[in-house]
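Peer 1: I'd like to ask you about the structure that follows.
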Amino acid sequence: MSAQSLHRSAREALLGWRTPSTADESLRHTMLAFLDSAPLGCLREHAPGHITASSLVLSEDGRQVLLTLHPRVGRWIQLGGHCEASDETVVGAALREATEESGIEALRIDPVLLSAHTHPITCSLGVPTRHLDLRFLVWAPNDAPIVVSDESTDLRWWPVDALPETAERETIDHLVALASLR
């Protein structure tokens, strides 16, 4: 459990990612270059930017997606967040975040990277930074009860084909489409 093991696991996830497009291949190379230049790039203290870990949480039957109404973003998005120094891997960080934010203990994560994304944000550091988000697929038991955490304004299951108007539809639709190929 260290910045080094998180860093190593982020590199491994990116090296093993079978990118579906030339844009994603370019992003993969950009993230690997970032990690090569930032030994502490998986920790939120790295103010210029840092790796984050998120999860598309689907019900076992693939019909429902669990989304959080994020208080900072103000939209329905996938679960996830910062890696912690206690996380050994980015896969572990994604699963920890999904478990903490959903209250579901019986989650099952696919350790193969589903997608990646980078975006500017003012996160808990309080200064503008950049999140380099590694996104994983997580399965939950059908009808799993959920518990809204302090990190969410709301948390709900939504049909994958009937997302709320304030969802980050492009992101969620893209992740659901990628998940359907697995």
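Starting from 1 in every chain, residues are counted up; chains themselves are A, B, ... following the order of the structure tokens, and ligands are numbered from 1 as listed.
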Run DSSP on the backbone and give me the residues of chain A it puts in strand (DSSP E), as JSON, numbers by chain.

Peer 2: {"A": [50, 51, 52, 53, 54, 55, 56, 57, 58, 59, 64, 65, 66, 67, 68, 69, 76, 77, 79, 80, 81, 82, 108, 109, 110, 111, 112, 113, 114, 115, 116, 117, 118, 119, 120, 121, 122, 128, 129, 130, 131, 132, 133, 134, 135, 136, 137, 138, 139, 140, 154, 155, 156, 157, 158, 159]}

Peer 1: What lies within 12 Å of Glu151 in chain A using only C-alpha atoms, ignoring chain neighbours under 2 positions off, as an MDAnalysis selection string?

Peer 2: chainID A and resid 68:73 79:82 97:98 100:103 124 147:149 153:155

Peer 1: Can you tell me which residues surround Leu66 in chain A at a distance of at most 7 Å, considering only C-alpha atoms, apart from same-chain residues fewer than 4 positions away, and format the answer as a list in words?

Peer 2: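 Near Leu66 in chain A, the qualifying residues are Val57, Leu58, Arg156, Trp157 and Trp158 of chain A.
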
Peer 1: Counting only C-alpha atoms, what are the residues of range 49-158 of chain A within 10 Å of range 177-180 of chain A, and for each of them which pair of atoms is the nearest and at what distance in Å, to one decimal? Sort the table by chain and rising number, as JSON lines.

Peer 2:
{"residue": "A:Leu56", "atom": "CA", "partner": "A:Ala179", "partner_atom": "CA", "distance": 8.5}
{"residue": "A:Leu58", "atom": "CA", "partner": "A:Ala179", "partner_atom": "CA", "distance": 9.0}
{"residue": "A:Gly62", "atom": "CA", "partner": "A:Ser180", "partner_atom": "CA", "distance": 8.1}
{"residue": "A:Leu114", "atom": "CA", "partner": "A:Leu178", "partner_atom": "CA", "distance": 6.9}
{"residue": "A:Ser115", "atom": "CA", "partner": "A:Leu178", "partner_atom": "CA", "distance": 8.1}
{"residue": "A:Phe136", "atom": "CA", "partner": "A:Ala179", "partner_atom": "CA", "distance": 9.3}
{"residue": "A:Leu137", "atom": "CA", "partner": "A:Ala179", "partner_atom": "CA", "distance": 6.8}
{"residue": "A:Val138", "atom": "CA", "partner": "A:Ala179", "partner_atom": "CA", "distance": 9.5}

Peer 1: Could you list, as a list of chain:residue names, every residue within 12 Å of Pro128 in chain A, counting only C-alpha atoms and ignoring same-chain residues fewer than 2 positions away?

Peer 2: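 Returned residues: A:Arg44, A:His46, A:Ala47, A:Pro48, A:Gly49, A:His50, A:His119, A:Pro120, A:Ile121, A:Thr122, A:Cys123, A:Ser124, A:Leu125, A:Gly126, A:Arg130, A:His131.
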
Peer 1: Could you please take those selected residues and save C-alpha atoms as a PDB file, in the first residue's frame?

Peer 2:
ATOM      1  CA  ARG A  44      -4.900  13.920  -4.745  1.00  0.00           C
ATOM      2  CA  HIS A  46      -0.535  16.150  -6.709  1.00  0.00           C
ATOM      3  CA  ALA A  47      -2.140  19.496  -7.532  1.00  0.00           C
ATOM      4  CA  PRO A  48      -1.319  19.667 -11.281  1.00  0.00           C
ATOM      5  CA  GLY A  49      -3.528  16.595 -11.750  1.00  0.00           C
ATOM      6  CA  HIS A  50      -4.051  13.106 -10.434  1.00  0.00           C
ATOM      7  CA  HIS A 119     -11.266  16.628 -17.332  1.00  0.00           C
ATOM      8  CA  PRO A 120     -10.497  19.881 -15.492  1.00  0.00           C
ATOM      9  CA  ILE A 121     -12.122  20.250 -12.081  1.00  0.00           C
ATOM     10  CA  THR A 122     -11.840  22.062  -8.800  1.00  0.00           C
ATOM     11  CA  CYS A 123     -11.974  19.082  -6.449  1.00  0.00           C
ATOM     12  CA  SER A 124     -11.414  18.773  -2.714  1.00  0.00           C
ATOM     13  CA  LEU A 125      -8.024  20.480  -3.077  1.00  0.00           C
ATOM     14  CA  GLY A 126      -9.931  23.737  -3.589  1.00  0.00           C
ATOM     15  CA  ARG A 130      -7.193  17.810 -13.654  1.00  0.00           C
ATOM     16  CA  HIS A 131      -8.660  14.366 -13.019  1.00  0.00           C
TER      17      HIS A 131
END

Peer 1: Rank A:Ala53, A:Leu113, A:His7, A:Phe34 by their smallest atom-to-atom distance to Arg182 in chain A, using only C-alpha atoms, and report the top residue only.

Peer 2: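 Nearest candidate to Arg182 in chain A out of A:Ala53, A:Leu113, A:His7, A:Phe34: A:Leu113.
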
Peer 1: DSSP on the backbone, helix (DSSP H, G or I) only: what residues of range 88-151 of chain A does that give? Format it as a list of chain:residue names.

Peer 2: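 Assigned to helix (DSSP H, G or I), within range 88-151 of chain A: A:Val90, A:Val91, A:Gly92, A:Ala93, A:Ala94, A:Leu95, A:Arg96, A:Glu97, A:Ala98, A:Thr99, A:Glu100, A:Glu101, A:Ser102.
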
Peer 1: Grab the CA of Gln64 in chain A to CA of Asp87 in chain A distance for me, in Å with one decimal place.

Peer 2: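 Interatomic distance here is 27.9 Å.
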
Peer 1: Select, from A:Cys83, A:Leu181, A:Val65, A:Leu6, the residue with the minimum atom-to-atom distance to Asp161 in chain A, counting only C-alpha atoms.

Peer 2: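 Smallest distance to Asp161 in chain A is found for A:Val65.
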
Peer 1: Which is closest to His117 in chain A among A:Gln4, A:Ser54, A:Ser37, A:Thr22, if we use only C-alpha atoms?

Peer 2: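 That would be A:Ser54, the residue with the smallest distance to His117 in chain A.
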
Peer 1: Find the residues near Arg63 in chain A: any atom within 7 Å, counting only C-alpha atoms, skip ones fewer than 3 places away on the same chain, and give them as a ChimeraX atom specification.

Peer 2: /A:59,159-160

Peer 1: May I ask which of the residues A:Arg169, A:Arg135, A:Arg11, A:Arg96 is the closest one to Trp76 in chain A, counting only C-alpha atoms?

Peer 2: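 When distances to Trp76 in chain A are compared using only C-alpha atoms, the smallest one comes from A:Arg169.
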
Peer 1: Can you work out the spacing between CA of Ser86 in chain A and CA of Ser2 in chain A in Å, to one decimal?

Peer 2: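 Separating CA of Ser86 in chain A from CA of Ser2 in chain A is a distance of 6.7 Å.
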
Peer 1: Pick out the closest residue to Glu168 in chain A from this set: A:Val127, A:Ala93, A:Leu67, A:Ile51. Count only C-alpha atoms.

Peer 2: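 Counting only C-alpha atoms, the residue closest to Glu168 in chain A is A:Leu67.
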